[in-house]
Structures are given as structure tokens and as C-alpha cells.
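**Student:** Sharing final_39.txt (compact mmCIF, N, CA and C atoms) below.
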# COMPACT_ATOMS: atom_id res chain seq x y z
N MET G 1 23.57 104.78 100.67
CA MET G 1 24.95 104.83 100.25
C MET G 1 25.30 106.22 99.72
N LEU G 2 24.47 106.77 98.84
CA LEU G 2 24.74 108.10 98.31
C LEU G 2 24.63 109.16 99.40
N ASN G 3 23.78 108.92 100.38
CA ASN G 3 23.65 109.85 101.49
C ASN G 3 24.95 109.93 102.28
N ASP G 4 25.64 108.80 102.44
CA ASP G 4 26.92 108.79 103.15
C ASP G 4 27.97 109.61 102.41
N PHE G 5 27.97 109.53 101.07
CA PHE G 5 28.91 110.32 100.29
C PHE G 5 28.62 111.81 100.44
N GLY G 6 27.35 112.15 100.48
CA GLY G 6 26.96 113.56 100.64
C GLY G 6 27.39 114.11 101.98
N ILE G 7 27.19 113.33 103.02
CA ILE G 7 27.58 113.76 104.36
C ILE G 7 29.10 113.86 104.45
N SER G 8 29.79 112.89 103.88
CA SER G 8 31.25 112.92 103.87
C SER G 8 31.78 114.12 103.11
N SER G 9 31.18 114.42 101.98
CA SER G 9 31.59 115.59 101.19
C SER G 9 31.36 116.89 101.95
N LEU G 10 30.20 117.00 102.56
CA LEU G 10 29.88 118.20 103.34
C LEU G 10 30.86 118.36 104.50
N PHE G 11 31.16 117.26 105.19
CA PHE G 11 32.11 117.31 106.30
C PHE G 11 33.50 117.72 105.82
N SER G 12 33.91 117.23 104.66
CA SER G 12 35.21 117.59 104.09
C SER G 12 35.27 119.07 103.73
N ILE G 13 34.21 119.58 103.12
CA ILE G 13 34.19 121.00 102.76
C ILE G 13 34.26 121.87 104.00
N ILE G 14 33.47 121.53 105.01
CA ILE G 14 33.47 122.31 106.25
C ILE G 14 34.83 122.24 106.93
N SER G 15 35.43 121.05 106.94
CA SER G 15 36.74 120.88 107.55
C SER G 15 37.79 121.74 106.84
N HIS G 16 37.78 121.71 105.52
CA HIS G 16 38.74 122.51 104.76
C HIS G 16 38.56 124.01 105.04
N LEU G 17 37.33 124.47 105.04
CA LEU G 17 37.09 125.89 105.29
C LEU G 17 37.51 126.30 106.69
N ILE G 18 37.25 125.46 107.67
CA ILE G 18 37.65 125.78 109.05
C ILE G 18 39.17 125.84 109.16
N PHE G 19 39.86 124.86 108.61
CA PHE G 19 41.31 124.85 108.73
C PHE G 19 41.97 125.93 107.87
N ILE G 20 41.38 126.30 106.75
CA ILE G 20 41.91 127.42 105.98
C ILE G 20 41.75 128.72 106.78
N GLY G 21 40.61 128.87 107.43
CA GLY G 21 40.41 130.04 108.29
C GLY G 21 41.39 130.08 109.45
N LEU G 22 41.63 128.93 110.06
CA LEU G 22 42.61 128.87 111.15
C LEU G 22 44.02 129.15 110.66
N ALA G 23 44.35 128.66 109.48
CA ALA G 23 45.67 128.94 108.90
C ALA G 23 45.82 130.43 108.61
N TRP G 24 44.77 131.04 108.08
CA TRP G 24 44.81 132.49 107.82
C TRP G 24 45.04 133.24 109.12
N TRP G 25 44.32 132.86 110.16
CA TRP G 25 44.46 133.50 111.47
C TRP G 25 45.87 133.32 112.02
N ALA G 26 46.42 132.11 111.88
CA ALA G 26 47.76 131.83 112.38
C ALA G 26 48.82 132.60 111.58
N LEU G 27 48.63 132.73 110.28
CA LEU G 27 49.61 133.45 109.46
C LEU G 27 49.65 134.95 109.78
N GLN G 28 48.58 135.46 110.36
CA GLN G 28 48.56 136.87 110.72
C GLN G 28 49.58 137.21 111.81
N SER G 29 50.03 136.19 112.54
CA SER G 29 50.99 136.44 113.62
C SER G 29 52.41 136.61 113.10
N LEU G 30 52.66 136.24 111.84
CA LEU G 30 54.00 136.36 111.27
C LEU G 30 54.19 137.73 110.64
N ASP G 31 55.42 138.20 110.69
CA ASP G 31 55.75 139.51 110.11
C ASP G 31 56.45 139.28 108.77
N PHE G 32 55.66 139.25 107.71
CA PHE G 32 56.20 139.00 106.38
C PHE G 32 56.69 140.27 105.70
N GLU G 33 56.48 141.41 106.30
CA GLU G 33 56.85 142.67 105.65
C GLU G 33 58.35 142.77 105.39
N LYS G 34 59.13 142.06 106.16
CA LYS G 34 60.57 142.07 105.96
C LYS G 34 60.97 141.37 104.66
N PHE G 35 60.16 140.43 104.21
CA PHE G 35 60.48 139.62 103.04
C PHE G 35 59.81 140.10 101.76
N LEU G 36 58.89 141.05 101.89
CA LEU G 36 58.12 141.50 100.73
C LEU G 36 58.63 142.84 100.22
N ARG G 37 58.51 143.05 98.93
CA ARG G 37 58.89 144.32 98.34
C ARG G 37 57.85 145.38 98.68
N LYS G 38 58.30 146.58 98.74
CA LYS G 38 57.38 147.69 98.99
C LYS G 38 56.51 147.91 97.76
N ASN G 39 55.31 148.41 98.00
CA ASN G 39 54.33 148.73 96.95
C ASN G 39 53.86 147.52 96.16
N HIS G 40 53.88 146.35 96.77
CA HIS G 40 53.34 145.13 96.15
C HIS G 40 52.28 144.54 97.09
N VAL G 41 51.34 145.36 97.47
CA VAL G 41 50.32 144.97 98.45
C VAL G 41 49.42 143.87 97.90
N ALA G 42 48.97 144.00 96.67
CA ALA G 42 48.06 143.00 96.09
C ALA G 42 48.74 141.64 95.99
N GLN G 43 50.00 141.64 95.59
CA GLN G 43 50.73 140.37 95.49
C GLN G 43 50.95 139.75 96.87
N ALA G 44 51.20 140.59 97.86
CA ALA G 44 51.39 140.09 99.23
C ALA G 44 50.10 139.46 99.76
N ARG G 45 48.97 140.09 99.49
CA ARG G 45 47.68 139.54 99.93
C ARG G 45 47.38 138.22 99.25
N LEU G 46 47.68 138.16 97.95
CA LEU G 46 47.47 136.91 97.22
C LEU G 46 48.37 135.81 97.77
N LEU G 47 49.60 136.15 98.12
CA LEU G 47 50.51 135.18 98.73
C LEU G 47 49.97 134.68 100.06
N TYR G 48 49.43 135.59 100.87
CA TYR G 48 48.81 135.19 102.14
C TYR G 48 47.66 134.21 101.90
N ILE G 49 46.83 134.50 100.91
CA ILE G 49 45.70 133.62 100.61
C ILE G 49 46.19 132.24 100.16
N PHE G 50 47.19 132.22 99.26
CA PHE G 50 47.72 130.94 98.79
C PHE G 50 48.35 130.15 99.94
N MET G 51 49.06 130.82 100.80
CA MET G 51 49.69 130.12 101.93
C MET G 51 48.64 129.58 102.89
N ALA G 52 47.59 130.35 103.13
CA ALA G 52 46.52 129.89 104.03
C ALA G 52 45.79 128.70 103.43
N VAL G 53 45.52 128.73 102.13
CA VAL G 53 44.84 127.61 101.47
C VAL G 53 45.72 126.37 101.49
N ALA G 54 47.00 126.53 101.18
CA ALA G 54 47.91 125.37 101.17
C ALA G 54 48.06 124.77 102.56
N LEU G 55 48.31 125.59 103.55
CA LEU G 55 48.49 125.09 104.91
C LEU G 55 47.18 124.51 105.46
N GLY G 56 46.08 125.21 105.25
CA GLY G 56 44.79 124.73 105.74
C GLY G 56 44.38 123.42 105.09
N THR G 57 44.64 123.28 103.80
CA THR G 57 44.30 122.04 103.10
C THR G 57 45.15 120.87 103.60
N LEU G 58 46.44 121.12 103.81
CA LEU G 58 47.30 120.06 104.34
C LEU G 58 46.84 119.59 105.71
N VAL G 59 46.53 120.51 106.58
CA VAL G 59 46.09 120.14 107.93
C VAL G 59 44.73 119.47 107.89
N SER G 60 43.83 119.97 107.06
CA SER G 60 42.51 119.36 106.94
C SER G 60 42.60 117.94 106.39
N ASN G 61 43.45 117.73 105.37
CA ASN G 61 43.62 116.38 104.83
C ASN G 61 44.19 115.44 105.88
N PHE G 62 45.14 115.92 106.68
CA PHE G 62 45.66 115.09 107.76
C PHE G 62 44.55 114.73 108.75
N PHE G 63 43.75 115.72 109.12
CA PHE G 63 42.65 115.50 110.06
C PHE G 63 41.63 114.50 109.51
N LEU G 64 41.25 114.66 108.25
CA LEU G 64 40.28 113.75 107.64
C LEU G 64 40.84 112.35 107.47
N ASP G 65 42.12 112.24 107.08
CA ASP G 65 42.77 110.93 106.97
C ASP G 65 42.83 110.24 108.32
N TYR G 66 43.18 111.00 109.34
CA TYR G 66 43.26 110.43 110.70
C TYR G 66 41.90 109.89 111.14
N LEU G 67 40.85 110.65 110.89
CA LEU G 67 39.51 110.17 111.25
C LEU G 67 39.13 108.92 110.48
N ARG G 68 39.47 108.89 109.18
CA ARG G 68 39.15 107.71 108.36
C ARG G 68 39.93 106.49 108.84
N TRP G 69 41.20 106.69 109.15
CA TRP G 69 42.02 105.57 109.63
C TRP G 69 41.54 105.07 110.99
N ALA G 70 41.17 105.99 111.85
CA ALA G 70 40.66 105.59 113.17
C ALA G 70 39.36 104.80 113.01
N ASP G 71 38.54 105.20 112.05
CA ASP G 71 37.28 104.50 111.79
C ASP G 71 37.54 103.11 111.23
N GLN G 72 38.63 102.92 110.49
CA GLN G 72 38.93 101.63 109.88
C GLN G 72 39.67 100.67 110.82
N LEU G 73 40.03 101.13 112.00
CA LEU G 73 40.72 100.25 112.95
C LEU G 73 39.86 99.07 113.38
N ILE G 74 38.56 99.20 113.29
CA ILE G 74 37.67 98.11 113.72
C ILE G 74 37.89 96.85 112.86
N TYR G 75 38.40 97.05 111.64
CA TYR G 75 38.60 95.90 110.75
C TYR G 75 39.78 95.02 111.18
N ILE G 76 40.63 95.52 112.04
CA ILE G 76 41.72 94.71 112.57
C ILE G 76 41.17 93.58 113.45
N PHE G 77 40.13 93.90 114.19
CA PHE G 77 39.61 92.97 115.20
C PHE G 77 38.45 92.12 114.69
N GLN G 78 38.19 92.11 113.41
CA GLN G 78 37.10 91.28 112.88
C GLN G 78 37.61 89.95 112.40
If you took the structure in this file and wrote it as C-alpha cells, what would it be?

**Tutor:**
Amino acid sequence: MLNDFGISSLFSIISHLIFIGLAWWALQSLDFEKFLRKNHVAQARLLYIFMAVALGTLVSNFFLDYLRWADQLIYIFQ
């Protein structure tokens, strides 16, 4: 039982990291320089990181929820 929690936790961490990386990569295609003040490079980078974490976490949670729900569909037919 505890082994299942460990595997689930590891899978969740890996999923979050992958989707945060994909969100970071996707955000690089946007041109945010129009919306940012000049000479605020550190704040802009921090904003990019926060946006990547927020977007990646949302997508990862959706992905993990979808997998959990798909796994629980077997209980309909029991």
C-alpha cells in the first residue's frame, strides 16, 4: 500500500516537472516585451517562471485527474 503511494507521488512529481518545462518552452514563443517595462529584466524572468509553474501545474493536474478518473471507470461495471 505504501509502495503505491510512493509510485504515485513520484509519477506526480515527474508529471509536474515535465509540464512545467513544456509550459516554459511554450511561453518562449510569446512576445512579452511589449507589456513589460524596460530595465526590469529580473522581474520579467520571475514572471515567466511563475507563469510556467502556474500553467504547467494546471495542465499536469488535469492530466493526473484524467488518468485517475479513467482508472476509476472500472467501478461502473462492477

**Student:** Produce a table with one row for each residue of region 29-70 of chain G that has an atom at most 6 Å from any atom of region 1-18 of chain G, each row naming the nearest atom pair and its distance in Å at one decimal; use all atoms listed in the file; arrange rows by chain and rising residue number; format as JSON lines.

**Tutor:**
{"residue": "G:Gly56", "atom": "C", "partner": "G:His16", "partner_atom": "CA", "distance": 5.7}
{"residue": "G:Thr57", "atom": "CA", "partner": "G:His16", "partner_atom": "CA", "distance": 5.8}
{"residue": "G:Ser60", "atom": "CA", "partner": "G:Ser15", "partner_atom": "C", "distance": 5.3}

**Student:** Which polymer residues, whether protein, DNA or RNA, lie within 12 Å of the coordinate (45.3, 130.1, 103.1) when you count only C-alpha atoms? List them as a list in words, using the chain letters and numbers from the file.

**Tutor:**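 Checking each residue against the 12 Å limit leaves His16, Leu17, Ile18, Phe19, Ile20, Gly21, Leu22, Ala23, Trp24, Trp25, Ala26, Leu27, Gln28, Arg45, Leu46, Leu47, Tyr48, Ile49, Phe50, Met51, Ala52, Val53, Ala54, Leu55, Gly56, Thr57, Leu58, Val59 and Ser60 of chain G.
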
**Student:** Among the residues of chain G, find those DSSP assigns to alpha helix (DSSP H) from the backbone and print them as a PyMOL selection string.

**Tutor:** chain G and resi 2-27+41-72

**Student:** Take every atom of region 26-30 of chain G listed in the file, fit an axis-aligned box around them, add 4 Å per side, and give the centre and edge lengths in Å to one decimal as JSON.

**Tutor:**
{"center_x": 50.3, "center_y": 134.8, "center_z": 111.5, "size_x": 15.8, "size_y": 13.9, "size_z": 12.2}

**Student:** Enter the distance from CA of Phe62 (chain G) to CA of Phe77 (chain G), in Å, rounded to one decimal.

**Tutor:**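 Straight-line distance from CA of Phe62 (chain G) to CA of Phe77 (chain G) works out to 24.1 Å.
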
**Student:** Please indicate the distance in Å from atom C of Ile76 (chain G) to atom N of Phe63 (chain G), rounded to one decimal place.

**Tutor:** 22.7 Å

**Student:** Mind giving me the straight-line distance from atom N of Ala44 (chain G) to atom C of Phe32 (chain G) in Å, one decimal?

**Tutor:**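 Between atom N of Ala44 (chain G) and atom C of Phe32 (chain G) the gap is 9.6 Å.
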